[in-house]
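**Student:** Sharing a structure below in structure tokens format, with a few things to ask.
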Amino acid sequence: MIKLPGLIDPHVHVREPGQTHKEDWDSATQAALAGGVTTILAMPNTQPPIFDKTTLNLALDAAKQKARCDYGQFLGAGPDNANVLPALADKAAGLKMYLDSTFGELRLDDMTLWMPHFINFPKSAPIVLHSESRTMAAGILFAAIYDRPVHIAHVSLKEEILLIKAAKEKGIKVTCEVCPHHLFLTAESPSPSGGGARRRTELVEVGEGESSGRCEVRPRLATQEDVEALWQNMDVIDCFATDHAPHTIEEKDSDNPPPGFPGLETLLPLLLTAVDDGPFGTAQGRLLTIDDLIQKSVINPRRIFHLPEQPETWIEVDESAEYEIKAANQFTRCGWTPFEGWKVKGRVRRVVLRGKTAFEDGKILAEAGFGKNIRKV
Ligand code: NCD
Ligand code: ZN
């Protein structure tokens with residue numbers, strides 16, 4: 001049994017308000033605890049989006065009633081709210097800016113809309129960018145010009161991780177996160193040798209008929225070369241984040257599948273298995289240590305998002321327990337996982353949150369409402 005600090009996931013789509021058939025503050029925080037995550041930071045692309053005082057209170061009120069682990073709530077940058085957000089910064093996890101299209105309505109595609117947010121939002125509070133490829137380069141340039149920190153969400157490409165590395169070397173205040181699905185899955189067509197390719201085939205096959213809706217995710221799954229570049233630049237990655245983005249199995253298998261994967265309950269076992277064996281099927285040896293995992297899932301997110309130390313918060317993990325990932329055993333409401341059937345090592349046995357056993361042997365013990373807003377501690 002190993003004891004680790006409670007994990008922090010800085011990128012979770014809770015879906016409440018507005019889409020609670022996919023997930024809500026109760027089911028998302030149960031999934032978090034089952035995955036060894038004791039703090040989640042919730043994204044603002046809900047319905048309505050979280051973009052002012054009223055909508056922030058809507059999310060925080062629901063969280064206060066239902067959350068079973070600790071949490072923060074991001075604000076969303078819109079075309080006309082750059083003046084109202086700074087006053088809310090103290091109550092929020094930070095500001096999320098969608099610079100590329102994805103699920104939801106928050107995209108800002110004109111750079112004149114980015115500027116007031118970079119100018120107004122307090123430099124002491126984090127700005128997180130959904131930005132891919134050249135948009136990410138533009139986001140880093142904004143960080144340099146306005147001399148303020150930015151955090152790049154879900155890095156997936158070789159060109160992205162290499163540019164972030166170069167930007168850090170120049171002293172630009174940029175940090176980044178990578179999701180397990182971009183470390184373990186690729187979009188490459190099936191080939192006999194590539195481990196990642198084999199996995200993509202499995203992902204297609206678990207869907208019904210010809211549907212590949214389950215593969216849909218933003219950023220898209222990338223190539224084997226991209227995946228390898230992420231592993232090879234592990235020291236450039238500041239945080240692991242799930243981008244837990246639940247959509248129901250019916251929605252994923254429909255003609256118009258929304259992008260997004262659930263991830264809260266698979267983060268830790270996937271990473272622990274990689275600590276033990278190296279990345280699945282890539283035969284790259286051990287590129288990840290337990291110390292890296294603690295650094296990227298606890299210490300760095302705590303620093304980047306200015307989260308409080310949490311005494312009396314830890315998880316106990318049976319690192320030798322081997323099992324198959326199964327959606328049927330998960331607490332997320334979405335009913336599927338892209339890692340169905342994967343054999344992993346490492347089971348969360350117990351989660352202690354602020355001195356109370358919140359999860360033990362498959363059972364959620366923390367009550368709804370036990371979770372605290374990390375901005376109020
Ligand atoms: C996210 C969602 O469903 O809210 N989808 C996704 O593919 N990651 C939105 C996002 O984070 O881009
Ligand atoms: Zn997301």
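Quick note on naming: the chains in the structure tokens go A, B, ... in the order shown, residues restart at 1 in each chain, and ligands are numbered from 1 in order of appearance.
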Contacts of segment 117-131 of chain A at 7 Å or less, counting only C-alpha atoms, minus same-chain residues fewer than 5 places along, as number ranges by chain?
**Tutor:** A: 82, 85-86, 89, 94-100, 136, 146, 148-153, 305
**Student:** So that I can see what lies close to segment 251-256 of chain A, please list as a list in words the residues with an atom at most 6 Å from it, counting only C-alpha atoms and leaving out residues fewer than 3 positions away in the same chain.
**Tutor:** Gly213, Arg214 and Thr248 of chain A
**Student:** Could the residues in this selection be written to a file with all heavy atoms, as a CSV table (one decimal), in the first residue's frame?
**Tutor:**
```csv
chain,number,residue,atom,x,y,z
A,213,GLY,N,-17.8,7.9,-32.9
A,213,GLY,CA,-18.1,9.1,-32.1
A,213,GLY,C,-17.4,9.0,-30.8
A,213,GLY,O,-17.1,10.1,-30.2
A,214,ARG,N,-17.1,7.8,-30.3
A,214,ARG,CA,-16.4,7.8,-29.0
A,214,ARG,C,-15.0,8.3,-29.1
A,214,ARG,O,-14.4,8.6,-28.1
A,214,ARG,CB,-16.4,6.3,-28.5
A,214,ARG,CG,-17.8,5.9,-28.2
A,214,ARG,CD,-17.9,4.6,-27.4
A,214,ARG,NE,-19.2,4.1,-27.5
A,214,ARG,CZ,-19.6,3.0,-26.8
A,214,ARG,NH1,-18.7,2.3,-26.1
A,214,ARG,NH2,-20.8,2.5,-26.9
A,248,THR,N,-23.1,11.2,-22.6
A,248,THR,CA,-23.6,9.9,-22.4
A,248,THR,C,-23.3,9.0,-23.6
A,248,THR,O,-23.0,9.5,-24.7
A,248,THR,CB,-25.2,9.9,-22.3
A,248,THR,OG1,-25.7,10.3,-23.5
A,248,THR,CG2,-25.6,10.8,-21.1
```
**Student:** Could you give me, as a short mmCIF file (atom, residue, chain, number, x, y, z; two decimals) with N, CA, C and O atoms, in the first residue's frame, the residues within 12 Å of segment 354-362 of chain A, counting only C-alpha atoms and dropping anything in the same chain fewer than 4 positions from it?
**Tutor:**
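The result, written out as around.cif:
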```cif
data_model
loop_
_atom_site.label_atom_id
_atom_site.label_comp_id
_atom_site.auth_asym_id
_atom_site.auth_seq_id
_atom_site.Cartn_x
_atom_site.Cartn_y
_atom_site.Cartn_z
N PRO A 5 -0.47 12.17 -1.40
CA PRO A 5 -1.38 13.28 -1.10
C PRO A 5 -2.61 13.20 -2.01
O PRO A 5 -2.54 12.62 -3.10
N GLY A 6 -3.73 13.76 -1.59
CA GLY A 6 -4.93 13.79 -2.45
C GLY A 6 -4.60 14.50 -3.75
O GLY A 6 -3.92 15.53 -3.75
N THR A 29 -18.13 14.58 -8.34
CA THR A 29 -17.24 14.54 -7.17
C THR A 29 -17.15 13.12 -6.59
O THR A 29 -16.15 12.77 -5.97
N GLN A 30 -18.16 12.30 -6.83
CA GLN A 30 -18.03 10.88 -6.47
C GLN A 30 -16.97 10.21 -7.36
O GLN A 30 -16.12 9.45 -6.87
N ALA A 31 -17.03 10.52 -8.66
CA ALA A 31 -16.02 9.96 -9.58
C ALA A 31 -14.62 10.43 -9.17
O ALA A 31 -13.66 9.66 -9.21
N ALA A 32 -14.53 11.70 -8.76
CA ALA A 32 -13.23 12.23 -8.35
C ALA A 32 -12.69 11.43 -7.17
O ALA A 32 -11.56 10.92 -7.21
N LEU A 33 -13.50 11.28 -6.13
CA LEU A 33 -13.02 10.56 -4.93
C LEU A 33 -12.62 9.13 -5.28
O LEU A 33 -11.58 8.64 -4.82
N ALA A 34 -13.42 8.48 -6.10
CA ALA A 34 -13.11 7.10 -6.49
C ALA A 34 -11.78 7.04 -7.24
O ALA A 34 -11.09 6.02 -7.23
N GLY A 35 -11.42 8.13 -7.89
CA GLY A 35 -10.17 8.19 -8.63
C GLY A 35 -9.00 8.73 -7.81
O GLY A 35 -7.91 8.92 -8.35
N GLY A 36 -9.23 9.01 -6.53
CA GLY A 36 -8.14 9.52 -5.68
C GLY A 36 -7.95 11.02 -5.80
O GLY A 36 -6.95 11.57 -5.33
N VAL A 37 -8.92 11.69 -6.41
CA VAL A 37 -8.83 13.15 -6.61
C VAL A 37 -9.63 13.82 -5.52
O VAL A 37 -10.82 13.55 -5.35
N THR A 38 -8.99 14.72 -4.77
CA THR A 38 -9.68 15.36 -3.64
C THR A 38 -10.05 16.81 -3.92
O THR A 38 -10.81 17.41 -3.17
N THR A 39 -9.49 17.39 -5.00
CA THR A 39 -9.89 18.74 -5.41
C THR A 39 -10.07 18.76 -6.93
O THR A 39 -9.17 18.32 -7.66
N ALA A 67 -21.42 18.86 -3.64
CA ALA A 67 -20.05 18.35 -3.84
C ALA A 67 -19.58 17.51 -2.66
O ALA A 67 -19.81 17.86 -1.50
N ARG A 68 -18.90 16.42 -2.99
CA ARG A 68 -18.36 15.52 -1.96
C ARG A 68 -16.84 15.63 -1.85
O ARG A 68 -16.25 15.04 -0.96
N CYS A 69 -16.20 16.31 -2.81
CA CYS A 69 -14.78 16.62 -2.67
C CYS A 69 -14.63 18.12 -2.82
O CYS A 69 -15.60 18.83 -3.12
N ASP A 70 -13.42 18.63 -2.59
CA ASP A 70 -13.22 20.09 -2.65
C ASP A 70 -13.17 20.55 -4.10
O ASP A 70 -12.89 19.76 -5.01
N GLU A 265 -11.79 8.68 -13.16
CA GLU A 265 -11.57 7.40 -12.49
C GLU A 265 -10.47 6.56 -13.13
O GLU A 265 -10.13 5.50 -12.61
N PRO A 308 -4.84 25.96 -1.38
CA PRO A 308 -4.33 25.82 -0.01
C PRO A 308 -3.68 24.46 0.21
O PRO A 308 -4.06 23.47 -0.44
N GLU A 309 -2.72 24.41 1.11
CA GLU A 309 -2.21 23.11 1.57
C GLU A 309 -3.37 22.39 2.23
O GLU A 309 -4.22 23.03 2.86
N GLN A 310 -3.43 21.10 2.08
CA GLN A 310 -4.52 20.37 2.73
C GLN A 310 -3.97 19.35 3.71
O GLN A 310 -3.72 18.20 3.35
N PRO A 311 -3.82 19.78 4.94
CA PRO A 311 -3.37 18.81 5.93
C PRO A 311 -4.48 17.76 6.12
O PRO A 311 -5.64 18.03 5.83
N GLU A 312 -4.09 16.60 6.52
CA GLU A 312 -5.08 15.55 6.79
C GLU A 312 -5.84 15.13 5.53
O GLU A 312 -7.00 14.75 5.60
N THR A 313 -5.20 15.28 4.37
CA THR A 313 -5.84 14.83 3.13
C THR A 313 -4.87 13.93 2.39
O THR A 313 -3.78 14.37 2.02
N TRP A 314 -5.23 12.67 2.25
CA TRP A 314 -4.33 11.74 1.56
C TRP A 314 -5.13 10.59 0.95
O TRP A 314 -6.32 10.45 1.22
N ILE A 315 -4.44 9.81 0.10
CA ILE A 315 -5.09 8.63 -0.47
C ILE A 315 -4.19 7.41 -0.23
O ILE A 315 -2.97 7.54 -0.17
N GLU A 316 -4.81 6.28 -0.06
CA GLU A 316 -4.08 5.03 0.10
C GLU A 316 -4.37 4.16 -1.11
O GLU A 316 -5.53 3.95 -1.46
N VAL A 317 -3.29 3.71 -1.75
CA VAL A 317 -3.43 3.00 -3.02
C VAL A 317 -2.72 1.66 -2.94
O VAL A 317 -1.57 1.58 -2.52
N ASP A 318 -3.44 0.62 -3.31
CA ASP A 318 -2.83 -0.70 -3.41
C ASP A 318 -2.19 -0.79 -4.79
O ASP A 318 -2.88 -1.03 -5.79
N ASN A 329 -18.19 -0.17 -13.41
CA ASN A 329 -17.75 0.05 -12.03
C ASN A 329 -17.54 1.51 -11.69
O ASN A 329 -17.04 1.83 -10.61
N GLN A 330 -17.85 2.41 -12.62
CA GLN A 330 -17.51 3.81 -12.40
C GLN A 330 -18.69 4.61 -11.81
O GLN A 330 -19.84 4.23 -11.94
N PHE A 331 -18.35 5.72 -11.20
CA PHE A 331 -19.36 6.59 -10.60
C PHE A 331 -19.82 7.69 -11.55
O PHE A 331 -20.85 8.32 -11.32
N ARG A 347 -5.03 0.34 -7.30
CA ARG A 347 -6.42 0.60 -6.94
C ARG A 347 -6.49 1.52 -5.73
O ARG A 347 -5.80 1.32 -4.73
N VAL A 348 -7.32 2.55 -5.83
CA VAL A 348 -7.51 3.46 -4.70
C VAL A 348 -8.33 2.71 -3.64
O VAL A 348 -9.43 2.25 -3.92
N ARG A 349 -7.75 2.57 -2.46
CA ARG A 349 -8.45 1.85 -1.40
C ARG A 349 -9.18 2.80 -0.45
O ARG A 349 -10.27 2.53 0.02
N ARG A 350 -8.51 3.94 -0.17
CA ARG A 350 -9.09 4.83 0.83
C ARG A 350 -8.71 6.26 0.50
O ARG A 350 -7.58 6.52 0.05
N ALA A 366 -18.14 10.21 1.96
CA ALA A 366 -18.38 11.65 2.18
C ALA A 366 -19.80 11.98 1.74
O ALA A 366 -20.26 11.50 0.71
N GLU A 367 -20.45 12.80 2.51
CA GLU A 367 -21.82 13.17 2.14
C GLU A 367 -21.84 14.32 1.14
O GLU A 367 -20.88 15.08 1.05
N ALA A 368 -22.97 14.42 0.44
CA ALA A 368 -23.16 15.57 -0.45
C ALA A 368 -23.08 16.83 0.41
O ALA A 368 -23.69 16.90 1.47
N GLY A 369 -22.31 17.80 -0.06
CA GLY A 369 -22.14 19.03 0.70
C GLY A 369 -20.89 19.05 1.56
O GLY A 369 -20.52 20.09 2.11
N PHE A 370 -20.20 17.90 1.69
CA PHE A 370 -18.95 17.86 2.47
C PHE A 370 -17.82 18.62 1.75
O PHE A 370 -16.92 19.17 2.37
N GLY A 371 -17.89 18.66 0.42
CA GLY A 371 -16.87 19.36 -0.36
C GLY A 371 -16.86 20.85 -0.06
O GLY A 371 -17.91 21.44 0.17
N LYS A 372 -15.66 21.44 -0.07
CA LYS A 372 -15.53 22.87 0.23
C LYS A 372 -14.98 23.62 -0.98
O LYS A 372 -14.13 23.10 -1.72
N VAL A 377 -11.56 28.72 1.84
CA VAL A 377 -10.88 28.13 2.99
C VAL A 377 -10.09 29.20 3.73
O VAL A 377 -9.48 30.04 3.11
#
```
**Student:** Pick out the closest residue to ligand 1 from this set: A:Met43, A:Ile374, A:Leu270, A:Val352. Count only C-alpha atoms and all ligand atoms.
**Tutor:** A:Met43
**Student:** Can you pull out every residue with an atom within 8 Å of ligand 2? Use only C-alpha atoms and all ligand atoms and format it as a list in words.
**Tutor:** His11, Val12, His13, Met43, His130, Ala153, His154, Arg218, Asp243, His244, Ala245 and Gly260 of chain A
**Student:** With N, CA, C and O atoms kept, could you save the residues just selected as a short mmCIF file (atom, residue, chain, number, x, y, z; two decimals), in the first residue's frame?
**Tutor:**
```cif
data_model
loop_
_atom_site.label_atom_id
_atom_site.label_comp_id
_atom_site.auth_asym_id
_atom_site.auth_seq_id
_atom_site.Cartn_x
_atom_site.Cartn_y
_atom_site.Cartn_z
N HIS A 11 -8.84 20.37 -14.35
CA HIS A 11 -9.65 20.51 -15.58
C HIS A 11 -10.77 19.47 -15.62
O HIS A 11 -10.59 18.35 -16.10
N VAL A 12 -11.95 19.85 -15.10
CA VAL A 12 -13.08 18.93 -15.01
C VAL A 12 -14.34 19.63 -15.53
O VAL A 12 -14.61 20.77 -15.18
N HIS A 13 -15.11 18.92 -16.35
CA HIS A 13 -16.41 19.43 -16.80
C HIS A 13 -17.50 18.76 -15.97
O HIS A 13 -17.79 17.58 -16.16
N MET A 43 -14.79 23.57 -15.11
CA MET A 43 -14.78 24.43 -16.29
C MET A 43 -16.12 25.16 -16.47
O MET A 43 -17.16 24.67 -16.02
N HIS A 130 -7.71 27.36 -23.63
CA HIS A 130 -7.92 26.27 -24.58
C HIS A 130 -7.42 26.82 -25.91
O HIS A 130 -8.06 27.65 -26.53
N ALA A 153 -4.08 24.54 -21.49
CA ALA A 153 -4.83 23.32 -21.21
C ALA A 153 -4.50 22.23 -22.24
O ALA A 153 -4.12 22.52 -23.36
N HIS A 154 -4.65 21.01 -21.81
CA HIS A 154 -4.57 19.80 -22.64
C HIS A 154 -3.66 19.89 -23.88
O HIS A 154 -4.11 19.81 -25.02
N ARG A 218 -11.64 17.00 -28.05
CA ARG A 218 -10.83 18.18 -28.40
C ARG A 218 -9.85 18.45 -27.28
O ARG A 218 -10.28 18.48 -26.12
N ASP A 243 -9.30 16.63 -18.07
CA ASP A 243 -10.31 17.15 -19.00
C ASP A 243 -11.52 16.21 -19.01
O ASP A 243 -12.08 15.89 -20.05
N HIS A 244 -11.88 15.75 -17.82
CA HIS A 244 -13.07 14.88 -17.65
C HIS A 244 -14.25 15.58 -18.32
O HIS A 244 -14.72 16.60 -17.83
N ALA A 245 -14.69 15.04 -19.46
CA ALA A 245 -15.73 15.70 -20.26
C ALA A 245 -16.81 14.69 -20.62
O ALA A 245 -16.89 14.18 -21.74
N GLY A 260 -15.41 14.65 -26.23
CA GLY A 260 -15.08 14.60 -24.81
C GLY A 260 -15.04 13.19 -24.27
O GLY A 260 -15.82 12.34 -24.70
#
```
**Student:** For each of A:Ala63, A:Ile290, A:Ala92, A:Leu221, take the minimum atom-to-atom distance to ligand 1, counting only C-alpha atoms and all ligand atoms, then give the residue where this is smallest.
**Tutor:** A:Leu221
